[in-house]
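The next block holds one structure in the form of C-alpha cells; read it before the comments.
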Amino acid sequence: MGVRLMVVDDHRLLAEALASALKLRGHRVLAATAPVAGAAELVVSRAPEVCLLGTAAPAEPGVFDPIVRIKRERPQVAVVVLGPVPSPRGIAAAFAAGASGYVRHDERIEGVERAMVKARAGEAAVAPQLLQGAFAELLNPAAQPDDEGQRLLQLLTPREVEVLVRVADGEDTRLIAAGMGIAPSTARTHVQRVLMKLGVGSRLEAAALAARTGLLDRAAQPAGLPPQRAAPPTGD
C-alpha cells in the first residue's frame, strides 16, 4: 500500500526528483516543495502520512524548527529527515524536535521507502549503523584541537597578562611602569617573565604570538571590549 507523503528540501530539484521516483513506485506525493523553512504551514494544511524533510546541515540551530510545529499541530504526521552522515548532535536534534526517522541522503530509494513505512507505523526509522556510529562518537569523542591561546593565558598571572597587553600596544618599559604604577625595574622584571613563560626572545615575538593565538582576545574583559587596565597597586 502506497504512502501519502510530502517531500521537502531546500533544493527544489532534489525534492522534485525524489518525489518523481516515489510516484513511480506507487506512492501518493501530495507536494514536493522548497525551502524547508516555509514548509511547515503546507504540511500542516495538507496533512500527509509522512513528510520527508531534507537538510544539508542537521546540526545547525533551528534547522528542525519546522518539525516542532508540524508535530505540535499535526502530531499524526511522521517526519523522516534526509541528511548527510550526521553527528550525534544532528541525530539527537532531529529526534528531539519530533522526527520519526533519519536516513542518509545517499541512501537507495528502497531504504527511503522502508523508513517511510516504518515511520507511518509509529516505529523509529534509523539505520543501525547510524546509531552505532553516533554512540561510538559519543563514547569516544574526537580530541579537540589544542587551544594554544587558552593554554598560554593560563601560564600568566593577571599582572603579567596586563604587561603583555601593554607590550602588544607598543608601550616601552617606562610607559608600562607609569601605567601600572610600578617601578621601571619591576616592569622590566615582569616583561622578562612574560617572555620566558611564552618561550620567546623579544617583545615583538611576544606580541605576534599573543595576536596569532587569540590570547589578547581571551584576556579582554568583558568579551568584545578592550582589555581592562588593572588599577594601580598600593605598592609593588
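Residues are named by chain letter and number: chains run A, B, ... in the order of the C-alpha cells, numbers start at 1 in each chain, and ligands are numbered from 1 in the order shown.
Excluding A:Gly149 and any residue on its chain fewer than 5 positions from it, the residues at most 10 Å away by only C-alpha atoms are Gln154, Leu209, Ala210, Ala211, Arg212, Thr213, Gly214, Leu215, Leu216, Asp217, Arg218 and Ala219 of chain A.
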| field | Expected answer as number ranges by chain: alpha helix (DSSP H) residues in stretch 112-215 of chain A | value | A: 112-120, 128-139, 148-155, 158-168, 173-180, 184-198, 203-213, 215
| request: Name the residues in contact with stretch 6-8 of chain A at a cut-off of 10 Å, using only C-alpha atoms, excluding same-chain residues fewer than 2 positions from it; report them as a VMD selection string. | output: chain A and resid 3 to 4 10 to 12 14 to 19 22 28 to 40 42 to 43 46 to 55 79 to 82
| Got a sec to tell me which of stretch 30-204 of chain A DSSP assigns to strand (DSSP E), as a VMD selection string? | chain A and resid 30 to 33 50 to 54 78 to 83 101 to 104 125 to 126
| field | Polymer residues at most 9 Å from A:Gly2, only C-alpha atoms, same-chain spacing of 5 or more positions, as an NGL selection string | value | :A and (25-28 or 117)
Go ahead and save the picked residues with N, CA and C atoms, as a short mmCIF file (atom, residue, chain, number, x, y, z; two decimals), in the first residue's frame.
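Saved to result32.cif:
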```cif
data_model
loop_
_atom_site.label_atom_id
_atom_site.label_comp_id
_atom_site.auth_asym_id
_atom_site.auth_seq_id
_atom_site.Cartn_x
_atom_site.Cartn_y
_atom_site.Cartn_z
N ARG A 25 6.95 4.44 -7.88
CA ARG A 25 6.90 3.23 -7.06
C ARG A 25 5.56 3.08 -6.35
N GLY A 26 4.58 3.87 -6.76
CA GLY A 26 3.22 3.68 -6.25
C GLY A 26 2.83 4.52 -5.07
N HIS A 27 3.63 5.50 -4.70
CA HIS A 27 3.28 6.34 -3.55
C HIS A 27 2.55 7.59 -4.02
N ARG A 28 1.73 8.12 -3.17
CA ARG A 28 0.95 9.31 -3.50
C ARG A 28 1.67 10.53 -2.93
N VAL A 117 7.68 3.62 5.57
CA VAL A 117 6.70 2.65 6.05
C VAL A 117 6.83 2.46 7.57
#
```
| note | Min atom-atom distance to A:Val112 from the set A:Leu152, A:Ala208, A:Ala21, A:Ile67, counting only C-alpha atoms, belongs to A:Ala21
| message | Applying 12 Å and only C-alpha atoms, which residues near stretch 192-202 of chain A remain after dropping the ones on its own chain fewer than 6 positions away? List them as a PyMOL selection string. | response | chain A and resi 148-149+151-168+173+185-186+208-210+213+215
| query | Interatomic distance between atom CA of A:Glu73 and atom CA of A:Val85? | reply | 29.0 Å
